[in-house]
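**Student:** Input file: work34.cif. Contents: mmCIF, C-alpha atoms.
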```cif
data_data
#
loop_
_atom_site.label_atom_id
_atom_site.label_comp_id
_atom_site.auth_asym_id
_atom_site.auth_seq_id
_atom_site.Cartn_x
_atom_site.Cartn_y
_atom_site.Cartn_z
CA MET A 1 0.00 0.00 0.00
CA THR A 2 1.22 3.51 -0.81
CA TYR A 3 0.62 6.84 0.84
CA GLN A 4 -1.54 7.74 -2.16
CA ASP A 5 -3.73 4.66 -1.49
CA ILE A 6 -4.20 5.79 2.11
CA GLN A 7 -5.09 9.31 0.98
CA GLU A 8 -7.61 7.99 -1.55
CA ALA A 9 -9.41 5.94 1.09
CA ALA A 10 -9.43 8.85 3.55
CA THR A 11 -10.70 11.27 0.89
CA TYR A 12 -13.53 8.89 -0.04
CA LEU A 13 -14.60 8.57 3.60
CA ARG A 14 -14.44 12.33 4.22
CA GLN A 15 -16.61 13.02 1.18
CA PHE A 16 -19.04 10.26 2.12
CA THR A 17 -19.40 11.10 5.81
CA GLY A 18 -18.19 14.69 6.27
CA SER A 19 -16.82 13.44 9.58
CA LYS A 20 -13.58 14.17 11.42
CA PRO A 21 -13.46 11.51 14.16
CA GLU A 22 -11.49 12.07 17.36
CA THR A 23 -11.08 8.42 18.38
CA GLY A 24 -10.73 5.18 16.45
CA VAL A 25 -11.92 1.86 17.90
CA ILE A 26 -11.16 -1.66 16.63
CA LEU A 27 -13.55 -4.37 17.80
CA GLY A 28 -12.44 -7.99 18.01
CA THR A 29 -14.17 -11.37 18.00
CA GLY A 30 -17.50 -11.34 19.80
CA LEU A 31 -17.20 -7.67 20.76
CA GLY A 32 -19.31 -6.11 18.01
CA ASN A 33 -22.11 -5.32 20.48
CA LEU A 34 -20.01 -2.45 21.81
CA VAL A 35 -21.53 -0.36 19.03
CA ASP A 36 -24.93 -0.60 20.76
CA MET A 37 -24.11 2.46 22.86
CA MET A 38 -23.13 4.62 19.86
CA HIS A 39 -25.23 7.02 17.87
CA ILE A 40 -24.34 5.82 14.36
CA THR A 41 -24.49 8.26 11.47
CA HIS A 42 -22.83 6.21 8.71
CA GLU A 43 -22.16 2.51 8.19
CA ILE A 44 -19.87 1.67 5.28
CA PRO A 45 -19.05 -1.93 4.31
CA TYR A 46 -15.33 -2.48 3.92
CA ARG A 47 -15.80 -3.70 0.36
CA LYS A 48 -16.96 -0.21 -0.70
CA ILE A 49 -13.91 1.62 0.67
CA PRO A 50 -11.01 2.08 -1.76
CA HIS A 51 -8.09 -0.30 -1.08
CA PHE A 52 -9.78 -1.97 1.95
CA VAL A 53 -9.92 -5.74 2.00
CA SER A 54 -12.90 -7.67 3.40
CA SER A 55 -13.14 -9.55 6.66
CA THR A 56 -13.60 -13.28 6.04
CA VAL A 57 -14.29 -14.20 9.68
CA GLU A 58 -18.00 -14.83 10.18
CA THR A 59 -18.02 -13.30 13.67
CA HIS A 60 -16.67 -10.00 12.28
CA ALA A 61 -19.33 -7.75 10.72
CA GLY A 62 -16.99 -6.04 8.27
CA SER A 63 -18.17 -2.43 8.42
CA LEU A 64 -16.67 0.94 9.25
CA LEU A 65 -19.00 2.92 11.51
CA PHE A 66 -19.04 6.67 12.06
CA GLY A 67 -20.92 8.22 14.93
CA SER A 68 -20.66 9.59 18.43
CA LEU A 69 -20.78 8.63 22.09
CA HIS A 70 -21.25 11.22 24.82
CA GLY A 71 -20.63 13.89 22.19
CA LYS A 72 -17.28 12.43 21.14
CA SER A 73 -16.83 11.67 17.44
CA LEU A 74 -15.81 8.05 16.73
CA VAL A 75 -14.88 5.81 13.83
CA VAL A 76 -15.24 2.13 14.67
CA MET A 77 -14.01 -0.97 12.87
CA GLN A 78 -16.77 -3.51 13.46
CA GLY A 79 -14.52 -6.45 12.74
CA ARG A 80 -10.85 -6.45 11.82
CA PHE A 81 -8.48 -8.19 9.42
CA HIS A 82 -6.02 -10.91 10.42
CA PHE A 83 -2.78 -12.31 9.08
CA TYR A 84 -4.32 -15.81 9.13
CA GLU A 85 -6.94 -14.72 6.58
CA GLY A 86 -4.15 -14.57 4.03
CA TYR A 87 -3.70 -10.80 4.13
CA SER A 88 -0.36 -9.06 4.41
CA LEU A 89 0.19 -7.04 7.57
CA ASP A 90 0.23 -3.98 5.31
CA GLN A 91 -3.38 -4.80 4.39
CA VAL A 92 -4.29 -5.70 7.99
CA THR A 93 -3.15 -2.29 9.28
CA PHE A 94 -4.27 -0.16 6.33
CA PRO A 95 -7.43 1.02 8.17
CA VAL A 96 -5.34 2.35 11.08
CA ARG A 97 -3.38 4.54 8.69
CA VAL A 98 -6.59 5.76 7.09
CA MET A 99 -8.11 6.60 10.49
CA LYS A 100 -4.99 8.59 11.34
CA LEU A 101 -5.41 10.66 8.17
CA LEU A 102 -9.06 11.19 9.09
CA GLY A 103 -7.84 12.92 12.23
CA ILE A 104 -8.11 10.47 15.12
CA GLN A 105 -5.98 11.32 18.14
CA LEU A 106 -6.42 8.02 20.01
CA LEU A 107 -6.78 4.38 18.98
CA ILE A 108 -8.59 1.89 21.24
CA VAL A 109 -8.16 -1.79 20.35
CA SER A 110 -10.02 -4.79 21.73
CA ASN A 111 -9.53 -8.49 21.15
CA ALA A 112 -10.49 -11.95 22.33
CA CYS A 113 -7.67 -14.01 23.79
CA GLY A 114 -6.71 -17.17 25.64
CA ALA A 115 -5.36 -16.95 29.19
CA LEU A 116 -1.84 -18.27 29.81
CA ASN A 117 -1.84 -16.72 33.27
CA LEU A 118 -3.95 -19.21 35.20
CA SER A 119 -5.22 -16.57 37.63
CA TYR A 120 -7.23 -15.15 34.70
CA LYS A 121 -10.69 -16.61 34.15
CA PRO A 122 -12.94 -16.70 31.06
CA GLY A 123 -14.90 -13.45 30.86
CA ASP A 124 -12.12 -11.45 32.58
CA LEU A 125 -10.53 -8.36 31.05
CA MET A 126 -6.82 -7.66 30.67
CA LEU A 127 -5.40 -4.22 29.94
CA ILE A 128 -2.34 -4.69 27.74
CA ASP A 129 0.81 -3.16 29.20
CA ASP A 130 3.25 -4.70 26.70
CA HIS A 131 3.38 -7.38 24.04
CA LEU A 132 5.44 -10.12 22.41
CA ASN A 133 5.30 -10.30 18.62
CA PHE A 134 5.50 -13.86 17.29
CA LEU A 135 3.95 -13.04 13.92
CA PRO A 136 6.25 -13.94 11.01
CA SER A 137 6.18 -10.43 9.55
CA ASN A 138 5.85 -6.75 10.49
CA PRO A 139 3.51 -4.06 9.10
CA LEU A 140 6.49 -1.72 8.64
CA THR A 141 8.48 -4.15 6.47
CA GLY A 142 9.35 -2.66 3.10
CA LYS A 143 9.77 0.93 1.99
CA ASN A 144 9.02 3.32 4.83
CA ILE A 145 6.16 5.77 4.34
CA ASP A 146 8.03 8.87 5.50
CA GLU A 147 4.86 10.99 5.52
CA LEU A 148 3.53 8.83 8.38
CA GLY A 149 6.53 8.14 10.58
CA PRO A 150 10.23 7.26 10.96
CA ARG A 151 12.03 4.19 9.63
CA PHE A 152 12.82 2.93 13.16
CA PRO A 153 9.98 3.88 15.52
CA ASP A 154 10.47 3.63 19.27
CA MET A 155 8.47 0.91 21.05
CA SER A 156 9.63 1.43 24.64
CA ARG A 157 6.06 2.22 25.78
CA PRO A 158 3.73 1.04 23.01
CA TYR A 159 0.58 1.44 25.14
CA ASP A 160 -0.23 4.91 26.44
CA PRO A 161 0.49 4.85 30.20
CA LEU A 162 -1.73 7.81 31.11
CA ILE A 163 -4.80 6.41 29.40
CA ASN A 164 -4.06 2.96 30.81
CA GLU A 165 -4.14 4.47 34.30
CA LYS A 166 -7.46 6.14 33.54
CA LEU A 167 -8.99 2.87 32.32
CA LYS A 168 -7.73 1.04 35.41
CA GLN A 169 -9.30 3.67 37.67
CA ILE A 170 -12.63 3.44 35.84
CA ALA A 171 -12.61 -0.37 36.14
CA GLN A 172 -11.92 -0.05 39.86
CA ASP A 173 -14.71 2.50 40.29
CA GLU A 174 -17.11 0.19 38.42
CA GLY A 175 -16.10 -2.83 40.51
CA ILE A 176 -14.78 -4.63 37.43
CA LEU A 177 -11.74 -6.86 37.72
CA MET A 178 -9.28 -5.84 35.01
CA HIS A 179 -5.87 -7.49 35.00
CA GLU A 180 -2.83 -5.86 33.43
CA GLY A 181 -0.27 -7.88 31.52
CA VAL A 182 1.55 -8.99 28.39
CA TYR A 183 -0.17 -10.04 25.16
CA ALA A 184 1.49 -12.50 22.76
CA ALA A 185 0.54 -12.31 19.10
CA TRP A 186 0.44 -15.75 17.41
CA SER A 187 -0.31 -16.30 13.75
CA GLY A 188 -3.22 -18.77 13.96
CA PRO A 189 -5.77 -19.71 12.79
CA ASN A 190 -5.36 -22.94 14.77
CA LEU A 191 -5.23 -22.69 18.53
CA GLU A 192 -1.88 -23.47 20.11
CA THR A 193 -0.48 -26.80 21.27
CA ARG A 194 0.38 -27.64 24.87
CA ALA A 195 4.09 -27.17 24.12
CA GLU A 196 3.41 -23.79 22.53
CA TYR A 197 1.43 -22.67 25.58
CA ARG A 198 4.33 -23.67 27.83
CA PHE A 199 6.75 -21.77 25.58
CA LEU A 200 4.61 -18.62 25.63
CA ARG A 201 4.26 -18.76 29.42
CA MET A 202 8.03 -19.10 29.80
CA ALA A 203 8.47 -16.14 27.43
CA GLY A 204 6.46 -13.96 29.81
CA ALA A 205 3.05 -13.75 28.14
CA ASP A 206 -0.15 -13.58 30.17
CA VAL A 207 -2.52 -14.06 27.23
CA VAL A 208 -2.27 -15.10 23.59
CA GLY A 209 -4.25 -13.97 20.56
CA MET A 210 -4.06 -13.54 16.79
CA SER A 211 -4.33 -9.78 16.32
CA THR A 212 -3.71 -6.35 17.87
CA VAL A 213 0.09 -6.14 17.74
CA PRO A 214 0.27 -5.14 14.03
CA GLU A 215 -2.22 -2.32 14.63
CA VAL A 216 -0.30 -1.18 17.72
CA ILE A 217 3.02 -1.14 15.84
CA THR A 218 1.41 0.90 13.07
CA ALA A 219 -0.08 3.38 15.55
CA ASN A 220 3.27 3.83 17.27
CA HIS A 221 4.95 4.41 13.91
CA MET A 222 2.57 7.37 13.40
CA LYS A 223 2.94 8.58 17.01
CA LEU A 224 -0.74 7.82 17.54
CA PRO A 225 -1.54 7.05 21.20
CA VAL A 226 -3.02 3.57 21.59
CA VAL A 227 -4.52 1.41 24.33
CA ALA A 228 -5.77 -2.17 24.09
CA VAL A 229 -7.97 -4.43 26.19
CA SER A 230 -8.17 -8.21 25.86
CA VAL A 231 -11.25 -10.23 26.75
CA VAL A 232 -10.35 -13.70 28.06
CA THR A 233 -12.40 -16.38 26.31
CA ASP A 234 -10.67 -19.58 27.40
CA SER A 235 -7.99 -20.96 29.70
CA CYS A 236 -4.74 -22.21 28.19
CA ASP A 237 -3.47 -24.57 30.88
CA PRO A 238 -1.15 -27.03 29.11
CA ASP A 239 -1.44 -29.53 31.95
CA HIS A 240 -5.24 -29.61 31.88
CA LEU A 241 -6.00 -28.71 28.29
CA SER A 242 -9.36 -29.54 26.76
CA ALA A 243 -10.87 -28.71 23.39
CA VAL A 244 -12.73 -25.41 23.16
CA SER A 245 -15.68 -24.55 20.95
CA ILE A 246 -16.39 -21.33 19.09
CA GLN A 247 -19.70 -21.21 20.99
CA SER A 248 -17.97 -21.06 24.39
CA ILE A 249 -15.46 -18.52 23.07
CA LEU A 250 -18.25 -16.24 21.85
CA ARG A 251 -20.21 -16.71 25.09
CA ASN A 252 -17.22 -15.63 27.19
CA ALA A 253 -16.43 -12.80 24.77
CA ASN A 254 -19.94 -11.48 25.32
CA ILE A 255 -19.55 -11.65 29.10
CA GLY A 256 -16.29 -9.71 28.97
CA GLY A 257 -17.66 -7.43 26.26
CA GLU A 258 -20.43 -6.21 28.56
CA LYS A 259 -17.79 -5.23 31.14
CA LEU A 260 -15.75 -3.47 28.49
CA LYS A 261 -18.85 -1.57 27.33
CA ARG A 262 -19.28 -0.16 30.83
CA ILE A 263 -15.65 0.91 31.04
CA LEU A 264 -15.61 2.58 27.61
CA ASP A 265 -18.94 4.29 28.29
CA ARG A 266 -17.47 5.85 31.43
CA PHE A 267 -14.23 6.67 29.60
CA PHE A 268 -15.92 8.60 26.80
CA ALA A 269 -18.25 10.33 29.28
CA SER A 270 -15.18 11.55 31.19
CA MET A 271 -13.34 12.91 28.14
CA THR A 272 -13.16 16.69 27.93
#
```
Step by step, read the file and then write its structure as structure tokens.

**Tutor:**
Amino acid sequence: MTYQDIQEAATYLRQFTGSKPETGVILGTGLGNLVDMMHITHEIPYRKIPHFVSSTVETHAGSLLFGSLHGKSLVVMQGRFHFYEGYSLDQVTFPVRVMKLLGIQLLIVSNACGALNLSYKPGDLMLIDDHLNFLPSNPLTGKNIDELGPRFPDMSRPYDPLINEKLKQIAQDEGILMHEGVYAAWSGPNLETRAEYRFLRMAGADVVGMSTVPEVITANHMKLPVVAVSVVTDSCDPDHLSAVSIQSILRNANIGGEKLKRILDRFFASMT
């Protein structure tokens, strides 16, 4: 993807919506109901946006939503793209670059994940403090887009510490347990083996998933503040591992998603 491609997509969306969103939100597996609290003004299928690819995961709606919450202008990805769908990480992260050109000043990412830390339970939330990237590529590989950021972006604090503190305080005020830890990005689409779970735990990961890190790297490249929250859908105990179903994953994603809705509702209400 080129800078011109990004500009073309952003220009199309500006002309179509007339919107200049303040915050971008990416919704992961089973978390699409977070849009219920928005006032939606425009819903645009990905297939209609220049240079966007389409989500092939049936639990991802595949639309870009424009609207507001508590008077704050939002653009929301209702479903994301993944490396395991066969897309390059350049394609996966293209929407983040477009949202940046539209004017967002904060990116909020959510995902469904498996718990490597056995103190985490299905339906729990984890605020991401740091990550481990085990994906076999990087969204910044190739010619650098100088208009967006530097060749070698700093990643010493990839998740905005001030906003993380605010989200933790809101969770505490709401009586919601929200852990804080390290997310490992794995390529998927298969779930991991017992040996892989042991490896990831030894590496220092608290949860594992198949997304988020490419978008976070891209945001940091553009100096776009980003925060991310994982919803635990299953336990990854290699010594007591049992098969999981997509039904149980979605059920637990919905439980955690309701908690995340409350936190984000309070967060946007508190923004000045």

**Student:** Find the residues around region 1-16 of chain A up to 6 Å (all atoms listed in the file counted), leave out those fewer than 3 positions away in its own chain, and share them as number ranges by chain.

**Tutor:** A: 19, 50, 98

**Student:** Select, from A:Ser245, A:His221, A:Ile128, A:Leu118, the residue with the minimum atom-to-atom distance to Asp154 (chain A), counting all atoms listed in the file.

**Tutor:**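 So, comparing all the options, the nearest one is A:His221.
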
**Student:** Produce a table with one row for each residue of region 144-260 of chain A that has an atom at most 8 Å from any atom of region 78-88 of chain A, each row naming the nearest atom pair and its distance in Å at one decimal; use all atoms listed in the file; arrange rows by chain and rising residue number; format as a tab-separated table.

**Tutor:**
```
residue	atom	partner	partner_atom	distance
A:Ser187	CA	A:Tyr84	CA	6.1
A:Gly188	CA	A:Tyr84	CA	5.8
A:Pro189	CA	A:Tyr84	CA	5.5
A:Met210	CA	A:His82	CA	7.2
A:Ser211	CA	A:His82	CA	6.2
```

**Student:** Which value, in Å to one decimal, gives the distance between CA of Leu224 (chain A) and CA of His42 (chain A)?

**Tutor:**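 Spanning CA of Leu224 (chain A) to CA of His42 (chain A) is a straight-line distance of 23.8 Å.
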
**Student:** For Asp90 (chain A), which residue out of A:Val53, A:Ala115, A:Ile108, A:Leu125 is the nearest one, using only C-alpha atoms?

**Tutor:** A:Val53

**Student:** For each of A:Ile263, A:Ile26, A:Leu31, A:Val229, take the minimum atom-to-atom distance to His131 (chain A), counting all atoms listed in the file, then give the residue where this is smallest.

**Tutor:**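 Closest to His131 (chain A), using all atoms listed in the file: A:Val229.
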
**Student:** Quick one: of A:Ile217, A:Met37, A:Leu177, A:Met271, who's nearest to Asp130 (chain A), counting all atoms listed in the file?

**Tutor:**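 Smallest separation from Asp130 (chain A) among the options: A:Ile217.
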
**Student:** At a cut-off of 10 Å, using all atoms listed in the file, what residues contact Lys261 (chain A)? Leave out same-chain residues fewer than 6 positions from it and give the result as a list in words.

**Tutor:**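 Skipping anything fewer than 6 positions along the chain leaves Leu31, Asn33, Leu34, Val35, Asp36, Met37 and Phe267 of chain A.
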
**Student:** So what does the PyMOL selection byres ((chain A and resi 182-184) around 7) actually pick up in this one, as a VMD selection string?

**Tutor:** chain A and resid 128 to 134 181 185 to 186 205 to 209
